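**Q** Let me begin by handing over the structure; questions about it come next.
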Amino acid sequence: MRVLAGARRAVVLVVLGLLLAACGTVVTDAPKVTVTGSAGQAPTVTYLTPLSVDATHREVVWPGTGAELVEGAPVLIDFWLENATDASLVKESYSTSPTPRMLTVEDLGTDLYETLKGQQVGARLLQVAPGGSGADYPTVTVLDVLPTRAEGEPVTPDASLPVVEEADGVPTLTATGTPPPDDLVVQPLVRGTGPQVNAGDVITVQYGGFAWDDGALFDSTWQRGLPVSFLLSDVPPWAEGLVDQPTGSRVMLVVPPSYPLGVTDAEELAGKTVVFVIDILATGAPAQATP
């Protein structure tokens with residue numbers, strides 16, 4: 001009887017092994033990859049090369065403490081991507097600008113979507129993927145999840161300025177009905193704690209543009225869906241108003257028509273004062289061109 005029981009157990013194990021093989025399930029050890037470095041800085045990734053990877057491995061280096069990422073909503077990430085065959089750097093964003101994407105499979109691809117899904121702002125994540133998952137070689141990727149809106153201490157604005165509120169997470173502006181100021185007005189609404197904006201920086205922002213006289217919206221990254229990055233000096237009133245503001249801040253800029261501004265070239269805004277509500281998400285020096 002013991003012999004028969006042992007034989008039956010062996011048959012069950014063989015059948016289970018065949019079923020797992022048929023389903024393509026392979027049990028492998030997690031790749032030995034170590035990630036070090038501080039938040040906001042490019043990571044250091046250590047592993048033995050060539051790294052053999054049979055299936056995508058995901059790991060939370062540290063969890064986020066901010067808002068949870070929302071399906072179909074913007075996500076802003078810094079990333080560090082290496083070729084795991086020789087640990088060579090393929091691409092990174094820490095020396096340039098963070099990358100905005102929508103949290104969808106279509107925009108991110110299956111691997112990155114699964115890595116980011118359910119995470120919170122502030123998380124640092126590790127993804128190790130085999131060749132064929134977006135590249136012909138195995139990859140090691142570190143992802144930092146950045147905020148897509150201002151985070152900091154609220155600031156009480158001057159009572160003479162338009163009132164900024166939110167509807168479904170998007171800033172709105174209520175006009176005062178009073179004559180506009182003659183000079184540029186810089187009014188922090190939320191004071192962040194990140195690095196300060198320098199004059200020559202590339203900034204990453206969400207913003208809305210409104211007419212002073214009636215509060216009508218004429219431009220909005222929130223409506224378009226994703227944050228944008230550009231050289232601060234390309235927009236003179238922003239360059240004057242945002243320098244020294246810390247990352248994470250929300251700032252109201254009231255811009256008289258005397259300032260050069262492309263939007264006021266439009267017929268409906270010609271000669272008008274406009275108001276920008278700007279969330280400063282990231283700032284950094286422009287990438288240096290390679291000779």
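Going through the structure tokens in order, the chains are called A, B, and so on, while each chain numbers its residues from 1 and the ligands are numbered from 1 in the order shown.
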Excluding same-chain residues fewer than 5 positions from His57 in chain A, what lies within 9 Å of it counting only C-alpha atoms, as a PyMOL selection string?

**A** chain A and resi 30-31+126-129

**Q** Quick one: residues within 10 Å of Ile280 in chain A, only C-alpha atoms counted, chain neighbours fewer than 6 positions away excluded, as a ChimeraX atom specification?

**A** /A:147-151,191-192,194,196-197,203-207,227,242,245-251

**Q** Have a look at A:Thr273, A:Ser93, A:Thr56, A:Thr156 and name the one nearest to Leu112 in chain A; count only C-alpha atoms.

**A**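 Closest candidate: A:Thr56.
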
**Q** What does the distance between CA of Phe230 in chain A and CA of Pro171 in chain A come to in Å, to one decimal place?

**A**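 Answer for the CA of Phe230 in chain A to CA of Pro171 in chain A separation: 21.1 Å.
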
**Q** If we count only C-alpha atoms, what is near Gln119 in chain A at a cut-off of 12 Å, once residues fewer than 6 positions away on the same chain are taken out, given as a tab-separated table (two decimals) with C-alpha atoms, in the first residue's frame?

**A**
```tsv
chain	number	residue	atom	x	y	z
A	58	ARG	CA	9.29	44.23	-9.58
A	59	GLU	CA	10.37	45.59	-6.23
A	60	VAL	CA	9.51	48.63	-4.10
A	61	VAL	CA	12.84	50.19	-3.06
A	62	TRP	CA	10.89	52.49	-0.78
A	63	PRO	CA	7.13	53.19	-0.71
A	64	GLY	CA	5.54	56.51	-1.52
A	65	THR	CA	3.67	58.56	1.05
A	66	GLY	CA	1.79	60.84	-1.35
A	67	ALA	CA	-1.34	60.43	-3.42
A	68	GLU	CA	-2.05	57.06	-5.00
A	69	LEU	CA	-1.68	56.96	-8.77
A	70	VAL	CA	-5.01	57.05	-10.59
A	71	GLU	CA	-5.86	54.88	-13.56
A	75	VAL	CA	1.97	60.16	-13.83
A	77	ILE	CA	8.48	59.82	-13.39
A	103	LEU	CA	-1.32	55.66	-16.37
A	112	LEU	CA	5.76	49.73	-16.79
A	113	TYR	CA	2.01	49.90	-16.24
A	125	LEU	CA	10.62	51.29	-7.79
A	143	LEU	CA	11.63	54.72	-11.35
A	144	ASP	CA	10.92	57.65	-9.02
A	145	VAL	CA	7.24	58.68	-8.88
A	146	LEU	CA	6.95	62.48	-8.72
A	147	PRO	CA	3.92	64.63	-7.85
```

**Q** Which parts of range 33-202 of chain A does DSSP call strand (DSSP E or B) when run on the backbone here, written out as an MDAnalysis selection string?

**A** chainID A and resid 34:36 44:46 57:62 68 74:83 88:92 99:102 120 124:129 139:146 153:154 163:167 170:174 185:191 196 202

**Q** In terms of the shortest atom-to-atom distance over only C-alpha atoms, which of A:Ser233, A:Val142, A:Thr176, A:Ala73 is closest to Gly37 in chain A?

**A**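 Under the stated criterion, the closest residue is A:Val142.
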
**Q** Could you tell me which of A:Thr104, A:Val164, A:Val140, A:Gly215 comes closest to Thr46 in chain A if we count only C-alpha atoms?

**A**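 Going through A:Thr104, A:Val164, A:Val140, A:Gly215 one by one, the smallest distance to Thr46 in chain A is for A:Val140.
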
**Q** Excluding same-chain residues fewer than 3 positions from Trp238 in chain A, what lies within 12 Å of it counting only C-alpha atoms, as a short mmCIF file (atom, residue, chain, number, x, y, z; two decimals) with all heavy atoms, in the first residue's frame?

**A**
```cif
data_model
loop_
_atom_site.label_atom_id
_atom_site.label_comp_id
_atom_site.auth_asym_id
_atom_site.auth_seq_id
_atom_site.Cartn_x
_atom_site.Cartn_y
_atom_site.Cartn_z
N LEU A 184 3.76 93.38 -13.00
CA LEU A 184 3.70 91.95 -12.78
C LEU A 184 3.48 91.66 -11.30
O LEU A 184 4.15 92.23 -10.43
CB LEU A 184 5.01 91.30 -13.25
CG LEU A 184 5.11 89.78 -13.09
CD1 LEU A 184 4.24 89.07 -14.13
CD2 LEU A 184 6.57 89.33 -13.23
N VAL A 185 2.53 90.76 -11.00
CA VAL A 185 2.25 90.36 -9.63
C VAL A 185 2.60 88.88 -9.47
O VAL A 185 2.18 88.05 -10.28
CB VAL A 185 0.78 90.59 -9.26
CG1 VAL A 185 0.48 90.04 -7.85
CG2 VAL A 185 0.42 92.07 -9.35
N VAL A 186 3.38 88.58 -8.44
CA VAL A 186 3.76 87.21 -8.13
C VAL A 186 3.16 86.86 -6.78
O VAL A 186 3.54 87.43 -5.75
CB VAL A 186 5.30 87.05 -8.09
CG1 VAL A 186 5.67 85.59 -7.80
CG2 VAL A 186 5.93 87.53 -9.38
N VAL A 197 13.87 77.39 -8.23
CA VAL A 197 14.01 77.60 -9.66
C VAL A 197 15.13 78.60 -9.91
O VAL A 197 15.17 79.67 -9.29
CB VAL A 197 12.69 78.12 -10.26
CG1 VAL A 197 12.86 78.46 -11.73
CG2 VAL A 197 11.57 77.11 -10.05
N ASN A 198 16.04 78.27 -10.83
CA ASN A 198 17.09 79.19 -11.26
C ASN A 198 16.74 79.76 -12.64
O ASN A 198 15.96 79.18 -13.40
CB ASN A 198 18.43 78.47 -11.33
CG ASN A 198 18.91 78.03 -9.97
OD1 ASN A 198 18.92 78.79 -9.01
ND2 ASN A 198 19.30 76.75 -9.86
N ALA A 199 17.34 80.90 -12.95
CA ALA A 199 16.97 81.64 -14.16
C ALA A 199 17.14 80.82 -15.44
O ALA A 199 16.34 80.93 -16.36
CB ALA A 199 17.77 82.93 -14.24
N GLY A 200 18.16 79.99 -15.50
CA GLY A 200 18.42 79.25 -16.74
C GLY A 200 17.84 77.85 -16.76
O GLY A 200 18.18 77.05 -17.63
N ASP A 201 16.95 77.53 -15.81
CA ASP A 201 16.46 76.16 -15.67
C ASP A 201 15.44 75.77 -16.74
O ASP A 201 14.80 76.62 -17.36
CB ASP A 201 15.80 75.97 -14.30
CG ASP A 201 16.80 75.72 -13.19
OD1 ASP A 201 18.02 75.69 -13.49
OD2 ASP A 201 16.38 75.57 -12.03
N VAL A 202 15.32 74.47 -16.90
CA VAL A 202 14.16 73.88 -17.56
C VAL A 202 13.18 73.50 -16.46
O VAL A 202 13.55 72.82 -15.50
CB VAL A 202 14.54 72.64 -18.38
CG1 VAL A 202 13.29 71.92 -18.88
CG2 VAL A 202 15.43 73.02 -19.55
N ILE A 203 11.95 73.98 -16.56
CA ILE A 203 10.96 73.68 -15.53
C ILE A 203 9.89 72.73 -16.08
O ILE A 203 9.62 72.71 -17.28
CB ILE A 203 10.29 74.96 -14.99
CG1 ILE A 203 9.60 75.75 -16.12
CG2 ILE A 203 11.30 75.83 -14.27
CD1 ILE A 203 8.73 76.89 -15.62
N VAL A 205 5.92 71.81 -15.35
CA VAL A 205 4.79 72.47 -14.68
C VAL A 205 3.45 71.92 -15.16
O VAL A 205 3.35 71.34 -16.24
CB VAL A 205 4.79 74.00 -14.95
CG1 VAL A 205 6.03 74.66 -14.37
CG2 VAL A 205 4.66 74.30 -16.44
N TYR A 207 -0.23 74.06 -15.52
CA TYR A 207 -0.67 75.45 -15.41
C TYR A 207 -2.02 75.66 -16.08
O TYR A 207 -2.44 74.89 -16.95
CB TYR A 207 0.36 76.41 -16.02
CG TYR A 207 0.42 76.38 -17.53
CD1 TYR A 207 -0.38 77.22 -18.30
CD2 TYR A 207 1.28 75.51 -18.20
CE1 TYR A 207 -0.34 77.19 -19.68
CE2 TYR A 207 1.33 75.47 -19.58
CZ TYR A 207 0.52 76.31 -20.32
OH TYR A 207 0.55 76.28 -21.69
N PHE A 230 9.83 73.09 -20.29
CA PHE A 230 10.40 74.03 -21.25
C PHE A 230 11.42 74.92 -20.55
O PHE A 230 11.47 74.99 -19.31
CB PHE A 230 9.31 74.89 -21.92
CG PHE A 230 8.44 75.65 -20.96
CD1 PHE A 230 8.83 76.90 -20.49
CD2 PHE A 230 7.24 75.12 -20.54
CE1 PHE A 230 8.03 77.60 -19.60
CE2 PHE A 230 6.44 75.82 -19.65
CZ PHE A 230 6.84 77.05 -19.18
N LEU A 231 12.23 75.58 -21.35
CA LEU A 231 13.25 76.48 -20.84
C LEU A 231 12.56 77.73 -20.28
O LEU A 231 11.83 78.42 -21.00
CB LEU A 231 14.22 76.84 -21.96
CG LEU A 231 15.53 77.54 -21.56
CD1 LEU A 231 16.38 76.65 -20.67
CD2 LEU A 231 16.30 77.94 -22.81
N LEU A 232 12.81 78.04 -19.02
CA LEU A 232 12.12 79.14 -18.36
C LEU A 232 12.34 80.46 -19.09
O LEU A 232 11.42 81.29 -19.20
CB LEU A 232 12.60 79.25 -16.91
CG LEU A 232 11.94 80.31 -16.04
CD1 LEU A 232 10.44 80.08 -15.93
CD2 LEU A 232 12.58 80.34 -14.66
N SER A 233 13.53 80.67 -19.61
CA SER A 233 13.85 81.94 -20.27
C SER A 233 13.04 82.16 -21.54
O SER A 233 13.00 83.28 -22.06
CB SER A 233 15.34 82.01 -20.59
OG SER A 233 15.74 80.94 -21.42
N ASP A 234 12.37 81.12 -22.05
CA ASP A 234 11.55 81.27 -23.24
C ASP A 234 10.27 82.07 -22.97
O ASP A 234 9.61 82.52 -23.91
CB ASP A 234 11.17 79.90 -23.82
CG ASP A 234 12.34 79.21 -24.50
OD1 ASP A 234 13.34 79.90 -24.79
OD2 ASP A 234 12.26 77.99 -24.73
N VAL A 235 9.90 82.22 -21.69
CA VAL A 235 8.68 82.95 -21.33
C VAL A 235 9.07 84.05 -20.34
O VAL A 235 9.11 83.82 -19.12
CB VAL A 235 7.61 82.03 -20.72
CG1 VAL A 235 6.30 82.77 -20.51
CG2 VAL A 235 7.40 80.80 -21.58
N GLY A 241 9.02 85.97 -12.74
CA GLY A 241 8.17 85.69 -11.58
C GLY A 241 8.47 84.40 -10.84
O GLY A 241 8.18 84.29 -9.64
N LEU A 242 9.05 83.41 -11.52
CA LEU A 242 9.22 82.10 -10.89
C LEU A 242 10.62 81.84 -10.34
O LEU A 242 10.81 80.87 -9.60
CB LEU A 242 8.86 80.99 -11.89
CG LEU A 242 7.42 80.96 -12.38
CD1 LEU A 242 7.18 79.74 -13.26
CD2 LEU A 242 6.44 80.97 -11.21
N VAL A 243 11.59 82.66 -10.70
CA VAL A 243 12.94 82.47 -10.16
C VAL A 243 12.90 82.54 -8.64
O VAL A 243 12.24 83.40 -8.04
CB VAL A 243 13.91 83.53 -10.74
CG1 VAL A 243 15.21 83.55 -9.96
CG2 VAL A 243 14.19 83.22 -12.21
N ASP A 244 13.60 81.60 -8.01
CA ASP A 244 13.71 81.44 -6.55
C ASP A 244 12.47 80.82 -5.92
O ASP A 244 12.47 80.56 -4.71
CB ASP A 244 14.03 82.76 -5.85
CG ASP A 244 15.40 83.29 -6.20
OD1 ASP A 244 16.27 82.49 -6.58
OD2 ASP A 244 15.60 84.52 -6.11
N GLN A 245 11.43 80.54 -6.69
CA GLN A 245 10.29 79.82 -6.12
C GLN A 245 10.67 78.34 -5.95
O GLN A 245 11.30 77.75 -6.82
CB GLN A 245 9.06 79.93 -7.03
CG GLN A 245 8.54 81.34 -7.21
CD GLN A 245 7.89 81.90 -5.95
OE1 GLN A 245 7.46 81.15 -5.08
NE2 GLN A 245 7.85 83.22 -5.86
N VAL A 251 1.91 78.97 -7.83
CA VAL A 251 2.14 80.41 -7.90
C VAL A 251 1.14 81.03 -8.87
O VAL A 251 0.91 80.50 -9.97
CB VAL A 251 3.58 80.72 -8.37
CG1 VAL A 251 3.81 82.23 -8.44
CG2 VAL A 251 4.60 80.08 -7.43
N MET A 252 0.56 82.16 -8.46
CA MET A 252 -0.27 82.96 -9.36
C MET A 252 0.58 84.09 -9.93
O MET A 252 1.22 84.82 -9.18
CB MET A 252 -1.48 83.55 -8.62
CG MET A 252 -2.35 84.44 -9.52
SD MET A 252 -3.50 85.52 -8.60
CE MET A 252 -4.51 84.33 -7.76
N LEU A 253 0.60 84.18 -11.26
CA LEU A 253 1.27 85.29 -11.93
C LEU A 253 0.21 86.14 -12.63
O LEU A 253 -0.55 85.61 -13.46
CB LEU A 253 2.28 84.80 -12.96
CG LEU A 253 3.54 84.09 -12.47
CD1 LEU A 253 4.43 83.76 -13.67
CD2 LEU A 253 4.30 84.93 -11.47
N VAL A 254 0.18 87.43 -12.31
CA VAL A 254 -0.70 88.36 -13.01
C VAL A 254 0.18 89.15 -13.98
O VAL A 254 1.10 89.86 -13.56
CB VAL A 254 -1.42 89.31 -12.04
CG1 VAL A 254 -2.35 90.24 -12.81
CG2 VAL A 254 -2.19 88.51 -10.99
N VAL A 255 -0.07 89.00 -15.28
CA VAL A 255 0.82 89.52 -16.31
C VAL A 255 0.12 90.62 -17.10
O VAL A 255 -0.83 90.36 -17.85
CB VAL A 255 1.27 88.40 -17.26
CG1 VAL A 255 2.29 88.93 -18.27
CG2 VAL A 255 1.85 87.21 -16.49
N TYR A 259 3.99 93.06 -21.05
CA TYR A 259 5.00 91.99 -21.08
C TYR A 259 4.86 91.18 -22.37
O TYR A 259 3.74 90.89 -22.81
CB TYR A 259 4.85 91.06 -19.88
CG TYR A 259 5.46 91.59 -18.61
CD1 TYR A 259 4.82 92.57 -17.87
CD2 TYR A 259 6.69 91.12 -18.17
CE1 TYR A 259 5.38 93.07 -16.69
CE2 TYR A 259 7.27 91.61 -17.00
CZ TYR A 259 6.61 92.57 -16.28
OH TYR A 259 7.18 93.07 -15.12
N PRO A 260 5.99 90.81 -22.98
CA PRO A 260 5.91 89.97 -24.18
C PRO A 260 5.40 88.58 -23.82
O PRO A 260 5.94 87.90 -22.95
CB PRO A 260 7.37 89.91 -24.66
CG PRO A 260 8.20 90.18 -23.44
CD PRO A 260 7.38 91.11 -22.59
N LEU A 261 4.32 88.18 -24.47
CA LEU A 261 3.69 86.90 -24.15
C LEU A 261 2.91 86.44 -25.37
O LEU A 261 2.03 87.14 -25.85
CB LEU A 261 2.75 87.08 -22.95
CG LEU A 261 2.26 85.84 -22.22
CD1 LEU A 261 3.41 85.06 -21.60
CD2 LEU A 261 1.27 86.23 -21.13
N VAL A 275 -3.83 85.94 -16.24
CA VAL A 275 -3.45 85.34 -14.95
C VAL A 275 -3.07 83.88 -15.18
O VAL A 275 -3.84 83.14 -15.80
CB VAL A 275 -4.60 85.43 -13.94
CG1 VAL A 275 -4.17 84.86 -12.59
CG2 VAL A 275 -5.08 86.87 -13.78
N PHE A 276 -1.91 83.49 -14.67
CA PHE A 276 -1.50 82.09 -14.74
C PHE A 276 -1.48 81.51 -13.32
O PHE A 276 -0.98 82.14 -12.39
CB PHE A 276 -0.10 81.95 -15.35
CG PHE A 276 -0.04 82.28 -16.81
CD1 PHE A 276 0.40 83.53 -17.23
CD2 PHE A 276 -0.43 81.35 -17.77
CE1 PHE A 276 0.45 83.85 -18.58
CE2 PHE A 276 -0.38 81.67 -19.12
CZ PHE A 276 0.07 82.92 -19.52
N VAL A 277 -2.02 80.32 -13.19
CA VAL A 277 -1.88 79.53 -11.96
C VAL A 277 -0.98 78.37 -12.30
O VAL A 277 -1.32 77.53 -13.15
CB VAL A 277 -3.25 79.05 -11.46
CG1 VAL A 277 -3.08 78.18 -10.21
CG2 VAL A 277 -4.15 80.25 -11.16
N ILE A 278 0.20 78.31 -11.65
CA ILE A 278 1.27 77.42 -12.07
C ILE A 278 1.69 76.52 -10.91
O ILE A 278 2.03 77.00 -9.82
CB ILE A 278 2.50 78.23 -12.54
CG1 ILE A 278 2.10 79.22 -13.63
CG2 ILE A 278 3.61 77.30 -13.01
CD1 ILE A 278 3.11 80.34 -13.83
N ILE A 280 4.65 74.19 -9.88
CA ILE A 280 6.04 73.91 -10.24
C ILE A 280 6.37 72.50 -9.76
O ILE A 280 6.48 72.23 -8.56
CB ILE A 280 7.01 74.91 -9.61
CG1 ILE A 280 6.58 76.35 -9.95
CG2 ILE A 280 8.43 74.65 -10.08
CD1 ILE A 280 7.38 77.41 -9.19
#
```

**Q** Which of these residues is nearest to Glu92 in chain A, using only C-alpha atoms: A:Ala135, A:Ala287, A:Val163, A:Ala270?

**A**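 Going through A:Ala135, A:Ala287, A:Val163, A:Ala270 one by one, the smallest distance to Glu92 in chain A is for A:Ala287.
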
**Q** Kindly give the distance, in Å, that separates CA of Val155 in chain A and CA of Leu189 in chain A, rounded to a single decimal.

**A** 4.8 Å
